[in-house]
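Colleague: What follows is model_31.txt, made up of compact mmCIF, C-alpha atoms:
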```txt
# COMPACT_ATOMS: atom_id res chain seq x y z
CA MET A 217 11.77 -32.46 1.54
CA LYS A 218 12.73 -30.06 -1.26
CA TYR A 219 9.06 -29.41 -1.98
CA MET A 220 8.29 -28.72 1.66
CA THR A 221 11.10 -26.15 1.84
CA PHE A 222 9.89 -24.51 -1.37
CA PHE A 223 6.29 -24.24 -0.12
CA MET A 224 7.42 -22.85 3.24
CA PHE A 225 9.47 -20.23 1.36
CA LEU A 226 6.44 -19.26 -0.75
CA PHE A 227 4.26 -19.05 2.35
CA LEU A 228 6.71 -16.74 4.15
CA ILE A 229 7.05 -14.49 1.10
CA SER A 230 3.28 -14.23 0.64
CA CYS A 231 2.80 -13.15 4.26
CA GLY A 232 5.03 -10.12 3.77
CA MET A 233 3.85 -9.04 0.34
CA THR A 234 2.36 -5.64 -0.33
CA LYS A 235 -0.50 -5.78 -2.81
CA VAL A 236 -0.87 -2.57 -4.83
CA ILE A 237 -3.40 -1.38 -7.38
CA HIS A 238 -2.54 1.69 -9.46
CA ASP A 239 -4.93 3.89 -11.44
CA TYR A 240 -4.34 7.14 -13.28
CA ASP A 241 -5.66 9.55 -15.91
CA GLU A 242 -4.20 8.26 -19.19
CA GLN A 243 -4.57 11.67 -20.84
CA GLN A 244 -2.48 13.44 -18.21
CA ASP A 245 1.17 14.34 -18.80
CA PHE A 246 2.69 13.62 -15.40
CA LEU A 247 6.00 15.24 -16.33
CA GLU A 248 4.34 18.66 -15.93
CA TYR A 249 3.99 18.12 -12.18
CA LYS A 250 6.99 19.49 -10.31
CA THR A 251 5.62 20.46 -6.86
CA TYR A 252 3.36 18.96 -4.22
CA ASN A 253 1.95 19.52 -0.79
CA PHE A 254 -0.33 17.49 1.43
CA PHE A 255 -4.06 17.99 1.25
CA PRO A 256 -4.87 20.70 3.82
CA GLU A 257 -7.81 18.89 5.45
CA MET A 258 -6.40 15.38 5.33
CA GLN A 259 -8.22 12.74 7.38
CA SER A 260 -5.69 9.90 7.18
CA GLY A 261 -7.48 7.57 9.57
CA LEU A 262 -4.27 7.26 11.62
CA ASN A 263 -3.36 8.68 14.99
CA GLU A 264 -1.27 11.84 15.02
CA LEU A 265 2.05 10.04 15.54
CA ASP A 266 1.48 7.59 12.68
CA THR A 267 0.30 10.44 10.43
CA LYS A 268 3.60 12.25 11.10
CA ARG A 269 5.55 9.07 10.28
CA LEU A 270 3.57 8.57 7.08
CA LEU A 271 4.08 12.17 5.91
CA LYS A 272 7.81 12.10 6.72
CA VAL A 273 8.24 8.94 4.64
CA ALA A 274 6.14 10.45 1.84
CA ASP A 275 8.27 13.62 1.80
CA SER A 276 11.42 11.55 1.37
CA LEU A 277 10.01 9.31 -1.38
CA LEU A 278 8.38 12.16 -3.32
CA LEU A 279 11.64 14.11 -3.27
CA ALA A 280 13.37 11.02 -4.69
CA LYS A 281 10.75 11.05 -7.49
CA GLY A 282 11.76 14.63 -8.35
CA LEU A 283 8.82 16.41 -6.70
CA VAL A 284 9.49 19.41 -4.48
CA LYS A 285 7.28 20.43 -1.57
CA SER A 286 5.75 23.87 -2.14
CA ASN A 287 3.15 26.26 -0.67
CA SER A 288 1.72 26.67 -4.19
CA PRO A 289 1.79 23.05 -5.39
CA ASP A 290 0.85 21.44 -8.69
CA LEU A 291 -0.42 18.37 -6.80
CA TYR A 292 -2.13 17.74 -3.51
CA VAL A 293 -1.23 14.42 -1.95
CA ASN A 294 -3.89 12.82 0.22
CA PHE A 295 -3.82 9.65 2.32
CA ASN A 296 -6.60 7.51 3.68
CA THR A 297 -6.12 4.32 5.67
CA LYS A 298 -8.37 1.49 6.73
CA THR A 299 -7.62 -1.56 8.82
CA ARG A 300 -9.41 -4.88 8.67
CA LYS A 301 -9.12 -8.11 10.54
CA GLU A 302 -9.22 -11.49 8.95
CA ALA A 303 -9.30 -14.93 10.50
CA SER A 304 -5.92 -16.60 10.54
CA ASN A 305 -5.50 -19.02 7.65
CA THR A 306 -3.00 -21.10 9.61
CA ASN A 307 -4.70 -24.35 10.61
CA VAL A 308 -3.89 -27.70 12.08
CA GLY A 309 -5.65 -30.49 10.23
CA VAL A 310 -7.46 -33.22 12.08
CA GLY A 311 -8.68 -36.33 10.33
CA LEU A 312 -10.44 -39.53 11.14
CA GLY A 313 -11.10 -42.34 8.76
CA GLY A 314 -12.12 -45.89 8.65
CA GLY A 315 -13.56 -48.43 6.36
CA GLY A 316 -14.10 -52.02 5.68
CA GLY A 317 -16.56 -54.31 4.05
CA GLY A 318 -17.33 -51.80 1.30
CA LEU A 319 -18.23 -49.08 3.81
CA ASN A 320 -15.90 -46.08 4.13
CA ILE A 321 -16.34 -43.19 6.52
CA GLY A 322 -14.22 -40.05 6.62
CA LEU A 323 -14.22 -36.94 8.74
CA GLY A 324 -11.84 -33.99 8.52
CA GLY A 325 -11.47 -30.45 9.74
CA GLY A 326 -9.10 -27.66 10.59
CA ILE A 327 -8.43 -25.93 13.87
CA PRO A 328 -7.26 -22.33 13.46
CA ILE A 329 -4.01 -21.38 15.17
CA GLY A 330 -3.50 -17.86 16.46
CA GLY A 331 -5.86 -14.94 16.50
CA PRO A 332 -7.10 -12.72 13.72
CA VAL A 333 -4.63 -11.09 11.32
CA THR A 334 -4.76 -7.30 10.78
CA PHE A 335 -4.24 -5.70 7.37
CA MET A 336 -3.89 -2.01 6.61
CA GLU A 337 -5.00 -0.49 3.33
CA VAL A 338 -3.27 2.79 2.47
CA THR A 339 -4.78 4.87 -0.33
CA MET A 340 -2.53 7.56 -1.81
CA ASP A 341 -4.21 10.15 -4.06
CA PHE A 342 -2.62 12.80 -6.28
CA VAL A 343 -5.04 15.61 -7.05
CA ASP A 344 -4.31 18.24 -9.71
CA VAL A 345 -4.67 21.52 -7.79
CA GLN A 346 -5.65 23.64 -10.82
CA LYS A 347 -8.28 21.21 -12.14
CA ASP A 348 -9.31 19.91 -8.69
CA GLU A 349 -9.31 16.38 -10.15
CA LEU A 350 -7.85 13.07 -9.06
CA VAL A 351 -5.10 12.19 -11.56
CA TRP A 352 -3.28 9.27 -9.91
CA GLN A 353 -4.05 6.77 -7.17
CA ALA A 354 -2.38 3.82 -5.50
CA VAL A 355 -4.16 1.50 -3.08
CA ALA A 356 -1.74 -0.70 -1.14
CA GLU A 357 -2.50 -3.40 1.38
CA LYS A 358 -0.08 -5.12 3.75
CA ARG A 359 -0.24 -7.09 6.97
CA PHE A 360 -0.02 -4.70 9.90
CA TYR A 361 1.01 -5.38 13.48
CA PRO A 362 -0.84 -2.84 15.69
CA LYS A 363 1.44 -3.44 18.70
CA GLN A 364 4.72 -2.94 16.85
CA ALA A 365 7.34 -0.42 17.97
CA PRO A 366 7.37 3.13 16.55
CA SER A 367 10.47 2.43 14.45
CA ALA A 368 8.81 -0.66 12.96
CA ARG A 369 5.76 1.45 12.05
CA ALA A 370 8.01 3.85 10.14
CA VAL A 371 9.52 0.88 8.28
CA PHE A 372 5.99 -0.37 7.52
CA PHE A 373 5.10 2.99 5.91
CA GLU A 374 8.40 3.01 3.97
CA LYS A 375 7.58 -0.38 2.47
CA VAL A 376 3.96 0.46 1.66
CA LEU A 377 4.64 3.89 0.14
CA GLY A 378 7.77 2.68 -1.64
CA LYS A 379 5.76 -0.05 -3.33
CA SER A 380 2.91 2.39 -4.05
CA LEU A 381 5.20 4.81 -5.85
CA THR A 382 6.99 2.21 -8.02
CA LYS A 383 4.73 3.11 -10.96
CA TYR A 384 4.86 6.88 -10.60
CA PRO A 385 5.08 8.64 -12.92
CA PRO A 386 3.15 6.26 -15.15
CA LYS A 387 4.44 5.50 -18.60
CA ASN A 388 1.65 6.89 -20.76
CA LYS A 389 1.33 8.13 -24.34
CA SER A 390 1.64 11.81 -23.58
CA ALA A 391 4.73 11.27 -21.42
CA LYS A 392 6.40 9.18 -24.17
CA LYS A 393 5.97 11.91 -26.79
CA LYS A 394 8.30 14.25 -24.91
```
Would you write out, as structure tokens, the structure that this file holds?
Modeller:
Amino acid sequence: MKYMTFFMFLFLISCGMTKVIHDYDEQQDFLEYKTYNFFPEMQSGLNELDTKRLLKVADSLLLAKGLVKSNSPDLYVNFNTKTRKEASNTNVGVGLGGGGGGLNIGLGGGIPIGGPVTFMEVTMDFVDVQKDELVWQAVAEKRFYPKQAPSARAVFFEKVLGKSLTKYPPKNKSAKKK
């Protein structure tokens, strides 16, 4: 029974996890960036209401990271989102077996429960305005519920962007020298 409880706990945690991949320019000193603004021609892939929620959350989290929004920024922040559907991996197992006289026969299978599961991938780019180069990127993916309430969508973006920004600014050689 202890094992069953443990595996159920792991299953529930894995369903809510945000997977994030970070990449950045190792030669860049990220401490020199003090200001940001959003990319002027952003195509986020979200509807207007969700884009506003996403940008509001980003403003709050970037301010907490010490970046100030400016009309002449050091960084442009850009977002791109994609959704994908995946078959539910929750199954009910069905088995049939028999044997005797040295002859064994087995048959098994799984019947999926529930419909497809939707995931949203949110890509967050930091572009150096002066160089016009990508200097930092986070790609985060989390299960998304398209029919959730507006307040739950804001919480979704808080979790995804919060996790995305955990490794900003990156600890690199040039930042350590200062």
Colleague: Using only C-alpha atoms, give me every residue within 12 Å of (11.1, 9.8, -1.0) in file coordinates, as a compact mmCIF listing (two decimals) with C-alpha atoms, in the frame of the given file.
Modeller:
```
# COMPACT_ATOMS: atom_id res chain seq x y z
CA LEU A 270 3.57 8.57 7.08
CA LEU A 271 4.08 12.17 5.91
CA LYS A 272 7.81 12.10 6.72
CA VAL A 273 8.24 8.94 4.64
CA ALA A 274 6.14 10.45 1.84
CA ASP A 275 8.27 13.62 1.80
CA SER A 276 11.42 11.55 1.37
CA LEU A 277 10.01 9.31 -1.38
CA LEU A 278 8.38 12.16 -3.32
CA LEU A 279 11.64 14.11 -3.27
CA ALA A 280 13.37 11.02 -4.69
CA LYS A 281 10.75 11.05 -7.49
CA GLY A 282 11.76 14.63 -8.35
CA LEU A 283 8.82 16.41 -6.70
CA VAL A 284 9.49 19.41 -4.48
CA LYS A 285 7.28 20.43 -1.57
CA PHE A 373 5.10 2.99 5.91
CA GLU A 374 8.40 3.01 3.97
CA LYS A 375 7.58 -0.38 2.47
CA LEU A 377 4.64 3.89 0.14
CA GLY A 378 7.77 2.68 -1.64
CA LYS A 379 5.76 -0.05 -3.33
CA SER A 380 2.91 2.39 -4.05
CA LEU A 381 5.20 4.81 -5.85
CA THR A 382 6.99 2.21 -8.02
CA TYR A 384 4.86 6.88 -10.60
```
Colleague: Any idea what's packed within 6 Å of stretch 297-302 of chain A, counting only C-alpha atoms, ignoring anything in its chain fewer than 5 positions away? Could you give it as a ChimeraX atom specification?
Modeller: /A:260-261,332-338
Colleague: What gap, in Å, lies between atom CA of A:Met258 and atom CA of A:Gln243?
Modeller: 26.5 Å
Colleague: For A:Asp290, work out the shell of residues within 9 Å, counting all atoms listed in the file and skipping chain neighbours fewer than 4 positions away, then give it as a ChimeraX atom specification.
Modeller: /A:248-253,286,343-346
Colleague: Find the residue from A:His238, A:Pro362, A:Val351, A:Glu357 that sits nearest to A:Leu262; use all atoms listed in the file when measuring.
Modeller: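 Looking only at the distances to A:Leu262, the closest residue turns out to be A:Pro362.
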Colleague: List the residues sitting within 10 Å of (10.4, 5.7, 13.7) in the file's frame, using all atoms listed in the file, as number ranges by chain.
Modeller: A: 265-266, 268-270, 272-273, 365-373
Colleague: Would you mind reading off the distance between atom CA of A:Thr267 and atom CA of A:Asn296, one decimal, in Å?
Modeller: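 For atom CA of A:Thr267 relative to atom CA of A:Asn296, the distance reads 10.1 Å.
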Colleague: Hey, can you check how far atom CA of A:Val236 sits from atom CA of A:Phe342?
Modeller: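 Between atom CA of A:Val236 and atom CA of A:Phe342 the gap is 15.5 Å.
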Colleague: Using all atoms listed in the file, which of A:Lys383, A:Asp341, A:Arg359, A:Tyr240 sits nearest A:Leu291?
Modeller: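 Of A:Lys383, A:Asp341, A:Arg359, A:Tyr240, the one nearest A:Leu291, counting all atoms listed in the file, is A:Asp341.
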Colleague: Which residue out of A:Ala356, A:Gln244, A:Glu349, A:Pro386 has the minimum interatomic distance to A:Phe295 when all atoms listed in the file are used?
Modeller: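 Going through A:Ala356, A:Gln244, A:Glu349, A:Pro386 one by one, the smallest distance to A:Phe295 is for A:Ala356.
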